[in-house]
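Asker: Pasting a structure below so you can have a look.
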Amino acid sequence: MQIRTNALVSSVKNFLIEVGGIIDFTVLVFKQFFKKPREHKEMIKQAYYAGNKTFPLIAITGFIMGLVLTLQSRPVLVEFGAESLLPGMISVSIIREIGPVITALLCAGKIGSGYGAEIGSMRVTEQIDAMEVSGINPVSYIVASRIMATTIMVPILVLLADAIAIYGSYVAVNMYSDVNFQLFYNQAYNTLSFKDLIPATFKTIIFGFMIGLIGSYKGYYSKRGTEAVGAAANSAVVTSSLAIFVIDLVVVQVTELF
Amino acid sequence: MKNNNNHQLKLGILITAGLLFFVVSVYLLGKQQNMFSSDIKVKAHFTNIKGLQVGNNVRFSGINIGTVTDIHILNDSVIEVEMAIEKEVTKFIKKDSKVEISNDGLMGNKLITINPGNRSTLGISEGDELLSKNKITSDELLEETKNIIMTTKTVAGNLKEITEKLNNGNGDFSKLLNEDEITSNLKKVSGEMVGLSSDLRKISYKINNGHGDIGRLLNEDGITRQANEAISKLDSIAFIGQQTMNNLHKTSVEINEGNGVINKLIYDTVLSYKLDTTMVKLNQGIDEAKQAASTIDNSWILNVFSKKDKKRDK
């Protein structure tokens, strides 16, 4: 019992240390955003890797997401004679929740783990230490540029995933009936409002920031040794995914207030 | 350097595509809520807005022409709803148009429907208040449905009672349904009717073929001609009779009013008295003549010449 209690206390303590560490790191990164030198080129390079290299994965997933969601929802709506509500229902589901969350999870898996492993290996191979010695600010060059890149690119990827998912839904609807593309998009957008689009887009900015932040944090503060690189990558994915759901919950509650 | 530019180009395309989708989405949603078109504000007062929200559509003849922009309570029974209506359609919405809160389909959002007003009235303008019309709510509909079901239940109960009575009772309808006596009577009657119709057919055959007086009456022209002649003769007789009557009338008028003998005989009392006197005198004259005759008959002069005859008579 005593051992269990100690383990629990230790876990809680570690969790709180982790939270405190992330907050410290966030403050450090935020300061860096407004400080010179700004690493624009590195940021564009990271944005390219985070965006363009992830896009095919996002595109395929988004298309399948829209297609499958439509195929699964259609029979229930057909039973109620409400097939015409399908585009509206799918568009609301995708824009509000499924698009942002699934895309953010994919980005956490691909980009977050990549950052964790990349920066972790820099730490292990003492490249970060070498930068500090040679007068280059590693937080600015490695971390801030990456976080800025994900903060910009994740919302863009989510928007593209939404568009592709709605197109996937259109394809699925046309498997069973002949629906005009314009009619489909009219029905989809008639159901949507700014209340659906704006909070969801705002949410993805936070997702992007958190994916970059957690991935970089895990890599930046990884332990010495090759095992630590894998652990950092793994931990980055797990923590980012958890953070995405927590942020989603908080943002939904906050936007419901308005 | 070339590779770096290539990366930047691809990144630019990706970001532009994402932002383009965002901009298009914002434009479409904004257009749907009339954010990019000039509009006017009108209002309507309701007692119950049935869950209408800011942003719900305003529809006129099935076309979305605006949105609800504000809802606020004026007092305990009046709620003011403000609507933004596209300026270009205001000329079609007349000042006496009526608004009501409807549903977009069975499960859809609430919306405001504007019913067209009188053509002769002017189009709406900024700040106008449209008349509201309360539509039946789903609760009222359910209540009405409940009443109909209750009525139907009562009617079904009554029908059940009637059918039970028809099946088991002793009334006329029940007998009609349950007993064979009436049917057999009807069968008998129908048999008689068949015989009757056969007789009628024979009669009509005879009549059609001119047998008997009725047949001749219906089929031959001679009787009609004779009847016509008789009628014309009757007409002549009636004419003569009329003339006779006129004459009689004339004569009676003459008798009553004229100065003839008959009038005097009837109405003149003096003449009557004179006639009486004359008659008396005549009677007296006759008596006297009789006496004279008797005297003559008994006179000896005349008897001289008549003795032989007396003997012969004896």
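Ordering of the structure tokens sets the chain letters (A, B, ...); residue numbers start at 1 within each chain; ligands are numbered from 1 in the order shown.
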Would you tabulate, counting only C-alpha atoms, all residues of chain A that have an atom at most 8 Å from an atom of chain B, showing the closest pair of atoms and their distance in Å to one decimal, sorted by chain then ascending number, as CSV?
Answerer:
residue,atom,partner,partner_atom,distance
A:Ile44,CA,B:Gln8,CA,7.1
A:Lys45,CA,B:His7,CA,7.5
A:Ala47,CA,B:Leu11,CA,7.2
A:Tyr48,CA,B:Leu11,CA,5.3
A:Gly51,CA,B:Leu11,CA,7.1
A:Asn52,CA,B:Leu11,CA,6.2
A:Met153,CA,B:Ile15,CA,7.5
A:Ile156,CA,B:Gly18,CA,4.8
A:Leu157,CA,B:Gly18,CA,6.8
A:Leu159,CA,B:Gly18,CA,5.6
A:Leu160,CA,B:Gly18,CA,5.3
A:Ala163,CA,B:Phe21,CA,7.1
A:Tyr189,CA,B:Leu29,CA,6.7
A:Asn190,CA,B:Gln32,CA,7.0
A:Leu192,CA,B:Leu29,CA,7.1
A:Ser193,CA,B:Leu29,CA,5.9
A:Phe194,CA,B:Leu29,CA,6.6
Asker: Give me, as a ChimeraX atom specification, all polymer residues having an atom no more than 6 Å from segment 199-206 of chain A, counting only C-alpha atoms and skipping those fewer than 5 positions away in the same chain.
Answerer: /A:96,151,155
Asker: Can I get the selection written as a PDB file, in the first residue's frame, with N, CA and C atoms?
Answerer:
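Produced file out_32.pdb, reproduced below:
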ATOM      1  N   ARG A  96     -16.284  20.916 -37.910  1.00  0.00           N
ATOM      2  CA  ARG A  96     -16.261  21.205 -36.477  1.00  0.00           C
ATOM      3  C   ARG A  96     -15.307  20.305 -35.703  1.00  0.00           C
ATOM      4  N   THR A 151       2.530  25.777 -36.168  1.00  0.00           N
ATOM      5  CA  THR A 151       1.390  26.670 -35.858  1.00  0.00           C
ATOM      6  C   THR A 151       0.760  27.195 -37.150  1.00  0.00           C
ATOM      7  N   PRO A 155      -3.121  24.356 -39.240  1.00  0.00           N
ATOM      8  CA  PRO A 155      -4.428  24.871 -39.703  1.00  0.00           C
ATOM      9  C   PRO A 155      -4.610  24.755 -41.215  1.00  0.00           C
TER      10      PRO A 155
END
Asker: For Ile214 of chain B, find every residue with an atom within 12 Å (counting only C-alpha atoms), except residues of its own chain fewer than 4 positions away, and show them as number ranges by chain.
Answerer: B: 203-210, 218-220, 223
Asker: I'd like the neighbourhood of segment 111-127 of chain A as a ChimeraX atom specification, where a residue qualifies if any of its atoms comes within 9 Å (using only C-alpha atoms), though same-chain residues fewer than 4 positions away should be ignored.
Answerer: /A:49-50,54,106-107,131-132,142-143,146,150,211-226,228-237,240
Asker: Rounded to one decimal in Å, what is the spacing between atom CA of Leu8 of chain A and atom CA of Ile23 of chain A?
Answerer: 22.4 Å
Asker: Give me the residues near segment 90-94 of chain A as a PyMOL selection string, where near means some atom within 8 Å (using only C-alpha atoms) and where sequence neighbours in that chain fewer than 2 positions away do not count.
Answerer: chain A and resi 66+69-70+86-88+96-100+162+165-166+169+188-189+191-192+196
Asker: Would you pick out the contacts of Lys31 of chain A at 12 Å or less, using only C-alpha atoms, so that residues sharing its chain but fewer than 4 positions from it are not included, and give the list as a list in words?
Answerer: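 Listing them by chain and then by number gives Asp24, Phe25, Thr26, Val27, Lys35, Lys36, Pro37, Arg38, Val139, Ser140, Val143 and Ala144 of chain A.
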Asker: Suppose we keep N, CA, C and O atoms; can you now write the selection as a PDB file, in the first residue's frame?
Answerer:
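Writing the result to selection_11.pdb gives the following:
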ATOM      1  N   ASP A  24       7.355  26.507 -18.689  1.00  0.00           N
ATOM      2  CA  ASP A  24       8.634  27.243 -18.759  1.00  0.00           C
ATOM      3  C   ASP A  24       9.125  27.341 -20.199  1.00  0.00           C
ATOM      4  O   ASP A  24       9.535  28.409 -20.673  1.00  0.00           O
ATOM      5  N   PHE A  25       9.051  26.170 -20.843  1.00  0.00           N
ATOM      6  CA  PHE A  25       9.519  26.079 -22.236  1.00  0.00           C
ATOM      7  C   PHE A  25       8.671  26.978 -23.149  1.00  0.00           C
ATOM      8  O   PHE A  25       9.182  27.650 -24.049  1.00  0.00           O
ATOM      9  N   THR A  26       7.344  26.992 -22.872  1.00  0.00           N
ATOM     10  CA  THR A  26       6.419  27.819 -23.680  1.00  0.00           C
ATOM     11  C   THR A  26       6.786  29.296 -23.535  1.00  0.00           C
ATOM     12  O   THR A  26       6.833  30.031 -24.523  1.00  0.00           O
ATOM     13  N   VAL A  27       7.045  29.702 -22.296  1.00  0.00           N
ATOM     14  CA  VAL A  27       7.409  31.099 -22.034  1.00  0.00           C
ATOM     15  C   VAL A  27       8.703  31.432 -22.781  1.00  0.00           C
ATOM     16  O   VAL A  27       8.817  32.485 -23.446  1.00  0.00           O
ATOM     17  N   LYS A  35      11.975  38.086 -30.349  1.00  0.00           N
ATOM     18  CA  LYS A  35      13.395  38.459 -30.247  1.00  0.00           C
ATOM     19  C   LYS A  35      14.093  38.245 -31.572  1.00  0.00           C
ATOM     20  O   LYS A  35      13.675  37.400 -32.361  1.00  0.00           O
ATOM     21  N   LYS A  36      15.150  38.969 -31.788  1.00  0.00           N
ATOM     22  CA  LYS A  36      15.979  38.728 -32.958  1.00  0.00           C
ATOM     23  C   LYS A  36      17.148  37.833 -32.533  1.00  0.00           C
ATOM     24  O   LYS A  36      17.536  37.860 -31.369  1.00  0.00           O
ATOM     25  N   PRO A  37      17.767  37.065 -33.378  1.00  0.00           N
ATOM     26  CA  PRO A  37      17.471  36.919 -34.799  1.00  0.00           C
ATOM     27  C   PRO A  37      16.288  35.952 -35.020  1.00  0.00           C
ATOM     28  O   PRO A  37      16.126  34.981 -34.307  1.00  0.00           O
ATOM     29  N   ARG A  38      15.468  36.306 -36.042  1.00  0.00           N
ATOM     30  CA  ARG A  38      14.351  35.414 -36.398  1.00  0.00           C
ATOM     31  C   ARG A  38      14.818  34.520 -37.544  1.00  0.00           C
ATOM     32  O   ARG A  38      15.318  35.012 -38.550  1.00  0.00           O
ATOM     33  N   VAL A 139      17.244  27.564 -29.127  1.00  0.00           N
ATOM     34  CA  VAL A 139      15.774  27.707 -28.987  1.00  0.00           C
ATOM     35  C   VAL A 139      15.217  28.458 -30.196  1.00  0.00           C
ATOM     36  O   VAL A 139      14.175  28.093 -30.745  1.00  0.00           O
ATOM     37  N   SER A 140      15.926  29.485 -30.627  1.00  0.00           N
ATOM     38  CA  SER A 140      15.464  30.249 -31.775  1.00  0.00           C
ATOM     39  C   SER A 140      15.573  29.430 -33.065  1.00  0.00           C
ATOM     40  O   SER A 140      14.631  29.347 -33.840  1.00  0.00           O
ATOM     41  N   VAL A 143      13.919  25.289 -32.088  1.00  0.00           N
ATOM     42  CA  VAL A 143      12.578  25.140 -31.487  1.00  0.00           C
ATOM     43  C   VAL A 143      11.571  26.151 -32.053  1.00  0.00           C
ATOM     44  O   VAL A 143      10.526  25.756 -32.595  1.00  0.00           O
ATOM     45  N   ALA A 144      11.857  27.448 -31.947  1.00  0.00           N
ATOM     46  CA  ALA A 144      10.883  28.486 -32.335  1.00  0.00           C
ATOM     47  C   ALA A 144      10.482  28.353 -33.800  1.00  0.00           C
ATOM     48  O   ALA A 144       9.295  28.486 -34.140  1.00  0.00           O
TER      49      ALA A 144
END
Asker: Using DSSP assignments from the backbone, pull out every residue in segment 63-283 of chain B that falls under strand (DSSP E) and give it to me as a PDB file with N, CA and C atoms, in the first residue's frame.
Answerer:
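result_1.pdb, written as the output of this step:
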ATOM      1  N   ILE B  63     -37.197  31.776 -51.124  1.00  0.00           N
ATOM      2  CA  ILE B  63     -35.812  32.216 -51.370  1.00  0.00           C
ATOM      3  C   ILE B  63     -35.272  32.865 -50.099  1.00  0.00           C
ATOM      4  N   ASN B  64     -34.016  32.497 -49.752  1.00  0.00           N
ATOM      5  CA  ASN B  64     -33.400  33.130 -48.589  1.00  0.00           C
ATOM      6  C   ASN B  64     -33.018  34.562 -48.964  1.00  0.00           C
ATOM      7  N   ILE B  65     -33.597  35.509 -48.261  1.00  0.00           N
ATOM      8  CA  ILE B  65     -33.350  36.917 -48.618  1.00  0.00           C
ATOM      9  C   ILE B  65     -32.754  37.701 -47.460  1.00  0.00           C
ATOM     10  N   GLY B  66     -32.519  37.025 -46.350  1.00  0.00           N
ATOM     11  CA  GLY B  66     -31.957  37.749 -45.216  1.00  0.00           C
ATOM     12  C   GLY B  66     -31.759  36.854 -44.019  1.00  0.00           C
ATOM     13  N   THR B  67     -31.362  37.493 -42.913  1.00  0.00           N
ATOM     14  CA  THR B  67     -31.141  36.743 -41.675  1.00  0.00           C
ATOM     15  C   THR B  67     -31.699  37.507 -40.486  1.00  0.00           C
ATOM     16  N   VAL B  68     -31.888  36.767 -39.415  1.00  0.00           N
ATOM     17  CA  VAL B  68     -32.311  37.397 -38.161  1.00  0.00           C
ATOM     18  C   VAL B  68     -31.063  38.005 -37.528  1.00  0.00           C
ATOM     19  N   THR B  69     -31.121  39.286 -37.216  1.00  0.00           N
ATOM     20  CA  THR B  69     -29.920  39.949 -36.678  1.00  0.00           C
ATOM     21  C   THR B  69     -30.006  40.221 -35.177  1.00  0.00           C
ATOM     22  N   ASP B  70     -31.213  40.331 -34.670  1.00  0.00           N
ATOM     23  CA  ASP B  70     -31.322  40.634 -33.235  1.00  0.00           C
ATOM     24  C   ASP B  70     -32.680  40.171 -32.711  1.00  0.00           C
ATOM     25  N   ILE B  71     -32.656  39.715 -31.460  1.00  0.00           N
ATOM     26  CA  ILE B  71     -33.908  39.324 -30.798  1.00  0.00           C
ATOM     27  C   ILE B  71     -33.872  39.909 -29.400  1.00  0.00           C
ATOM     28  N   HIS B  72     -34.890  40.653 -29.037  1.00  0.00           N
ATOM     29  CA  HIS B  72     -34.945  41.108 -27.650  1.00  0.00           C
ATOM     30  C   HIS B  72     -36.385  41.216 -27.147  1.00  0.00           C
ATOM     31  N   ILE B  73     -36.497  41.111 -25.836  1.00  0.00           N
ATOM     32  CA  ILE B  73     -37.827  41.112 -25.217  1.00  0.00           C
ATOM     33  C   ILE B  73     -38.238  42.550 -24.945  1.00  0.00           C
ATOM     34  N   LEU B  74     -39.419  42.950 -25.438  1.00  0.00           N
ATOM     35  CA  LEU B  74     -39.916  44.311 -25.202  1.00  0.00           C
ATOM     36  C   LEU B  74     -40.687  44.391 -23.878  1.00  0.00           C
ATOM     37  N   ASN B  75     -41.562  43.425 -23.684  1.00  0.00           N
ATOM     38  CA  ASN B  75     -42.256  43.331 -22.390  1.00  0.00           C
ATOM     39  C   ASN B  75     -42.646  41.876 -22.155  1.00  0.00           C
ATOM     40  N   VAL B  78     -44.329  40.529 -25.507  1.00  0.00           N
ATOM     41  CA  VAL B  78     -43.914  40.929 -26.867  1.00  0.00           C
ATOM     42  C   VAL B  78     -42.401  40.766 -27.043  1.00  0.00           C
ATOM     43  N   ILE B  79     -42.036  40.035 -28.096  1.00  0.00           N
ATOM     44  CA  ILE B  79     -40.619  39.857 -28.419  1.00  0.00           C
ATOM     45  C   ILE B  79     -40.366  40.477 -29.782  1.00  0.00           C
ATOM     46  N   GLU B  80     -39.361  41.342 -29.828  1.00  0.00           N
ATOM     47  CA  GLU B  80     -39.046  42.019 -31.088  1.00  0.00           C
ATOM     48  C   GLU B  80     -37.922  41.263 -31.798  1.00  0.00           C
ATOM     49  N   VAL B  81     -38.171  40.951 -33.063  1.00  0.00           N
ATOM     50  CA  VAL B  81     -37.162  40.266 -33.886  1.00  0.00           C
ATOM     51  C   VAL B  81     -36.745  41.227 -34.991  1.00  0.00           C
ATOM     52  N   GLU B  82     -35.449  41.463 -35.073  1.00  0.00           N
ATOM     53  CA  GLU B  82     -34.936  42.366 -36.113  1.00  0.00           C
ATOM     54  C   GLU B  82     -34.324  41.523 -37.223  1.00  0.00           C
ATOM     55  N   MET B  83     -34.631  41.894 -38.460  1.00  0.00           N
ATOM     56  CA  MET B  83     -34.143  41.125 -39.607  1.00  0.00           C
ATOM     57  C   MET B  83     -33.394  42.031 -40.579  1.00  0.00           C
ATOM     58  N   ALA B  84     -32.331  41.486 -41.173  1.00  0.00           N
ATOM     59  CA  ALA B  84     -31.635  42.205 -42.246  1.00  0.00           C
ATOM     60  C   ALA B  84     -32.094  41.594 -43.562  1.00  0.00           C
ATOM     61  N   ILE B  85     -32.664  42.420 -44.430  1.00  0.00           N
ATOM     62  CA  ILE B  85     -33.212  41.940 -45.703  1.00  0.00           C
ATOM     63  C   ILE B  85     -32.429  42.574 -46.839  1.00  0.00           C
ATOM     64  N   GLU B  86     -32.081  41.775 -47.828  1.00  0.00           N
ATOM     65  CA  GLU B  86     -31.326  42.278 -48.987  1.00  0.00           C
ATOM     66  C   GLU B  86     -32.070  43.450 -49.630  1.00  0.00           C
ATOM     67  N   LYS B  98     -47.006  39.716 -44.217  1.00  0.00           N
ATOM     68  CA  LYS B  98     -47.063  39.138 -42.866  1.00  0.00           C
ATOM     69  C   LYS B  98     -45.929  38.147 -42.685  1.00  0.00           C
ATOM     70  N   VAL B  99     -45.349  38.137 -41.487  1.00  0.00           N
ATOM     71  CA  VAL B  99     -44.245  37.208 -41.215  1.00  0.00           C
ATOM     72  C   VAL B  99     -44.694  36.159 -40.200  1.00  0.00           C
ATOM     73  N   GLU B 100     -44.114  34.963 -40.362  1.00  0.00           N
ATOM     74  CA  GLU B 100     -44.405  33.904 -39.398  1.00  0.00           C
ATOM     75  C   GLU B 100     -43.153  33.056 -39.192  1.00  0.00           C
ATOM     76  N   ILE B 101     -43.097  32.398 -38.063  1.00  0.00           N
ATOM     77  CA  ILE B 101     -41.933  31.552 -37.764  1.00  0.00           C
ATOM     78  C   ILE B 101     -42.255  30.134 -38.204  1.00  0.00           C
ATOM     79  N   SER B 102     -41.381  29.580 -39.064  1.00  0.00           N
ATOM     80  CA  SER B 102     -41.621  28.241 -39.596  1.00  0.00           C
ATOM     81  C   SER B 102     -40.402  27.367 -39.336  1.00  0.00           C
ATOM     82  N   ASN B 103     -40.523  26.140 -39.775  1.00  0.00           N
ATOM     83  CA  ASN B 103     -39.415  25.191 -39.669  1.00  0.00           C
ATOM     84  C   ASN B 103     -38.886  24.876 -41.054  1.00  0.00           C
ATOM     85  N   LYS B 110     -35.181  26.769 -37.386  1.00  0.00           N
ATOM     86  CA  LYS B 110     -36.298  27.709 -37.440  1.00  0.00           C
ATOM     87  C   LYS B 110     -35.957  28.786 -38.478  1.00  0.00           C
ATOM     88  N   LEU B 111     -36.964  29.352 -39.073  1.00  0.00           N
ATOM     89  CA  LEU B 111     -36.738  30.453 -40.005  1.00  0.00           C
ATOM     90  C   LEU B 111     -37.963  31.355 -40.036  1.00  0.00           C
ATOM     91  N   ILE B 112     -37.751  32.552 -40.541  1.00  0.00           N
ATOM     92  CA  ILE B 112     -38.882  33.479 -40.661  1.00  0.00           C
ATOM     93  C   ILE B 112     -39.346  33.469 -42.110  1.00  0.00           C
ATOM     94  N   THR B 113     -40.629  33.226 -42.300  1.00  0.00           N
ATOM     95  CA  THR B 113     -41.197  33.233 -43.646  1.00  0.00           C
ATOM     96  C   THR B 113     -42.014  34.509 -43.819  1.00  0.00           C
ATOM     97  N   ILE B 114     -41.746  35.213 -44.917  1.00  0.00           N
ATOM     98  CA  ILE B 114     -42.526  36.424 -45.215  1.00  0.00           C
ATOM     99  C   ILE B 114     -43.564  36.075 -46.266  1.00  0.00           C
ATOM    100  N   ASN B 115     -44.821  36.269 -45.915  1.00  0.00           N
ATOM    101  CA  ASN B 115     -45.911  36.015 -46.869  1.00  0.00           C
ATOM    102  C   ASN B 115     -46.191  37.277 -47.668  1.00  0.00           C
ATOM    103  N   GLU B 129     -42.073  47.979 -39.626  1.00  0.00           N
ATOM    104  CA  GLU B 129     -42.475  46.849 -38.792  1.00  0.00           C
ATOM    105  C   GLU B 129     -43.471  46.004 -39.586  1.00  0.00           C
ATOM    106  N   LEU B 130     -43.161  44.741 -39.729  1.00  0.00           N
ATOM    107  CA  LEU B 130     -44.047  43.840 -40.469  1.00  0.00           C
ATOM    108  C   LEU B 130     -44.999  43.170 -39.488  1.00  0.00           C
ATOM    109  N   LEU B 131     -46.201  42.884 -39.986  1.00  0.00           N
ATOM    110  CA  LEU B 131     -47.195  42.238 -39.126  1.00  0.00           C
ATOM    111  C   LEU B 131     -46.807  40.780 -38.940  1.00  0.00           C
ATOM    112  N   SER B 132     -47.014  40.273 -37.754  1.00  0.00           N
ATOM    113  CA  SER B 132     -46.675  38.863 -37.510  1.00  0.00           C
ATOM    114  C   SER B 132     -47.944  38.020 -37.472  1.00  0.00           C
TER     115      SER B 132
END
Asker: Taking into account only C-alpha atoms, which residue in the set B:Asn134, B:Asn167, B:Asp128, B:Leu234 is nearest to Phe46 of chain B?
Answerer: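 Residue with the minimum atom-to-atom distance to Phe46 of chain B: B:Asn134.
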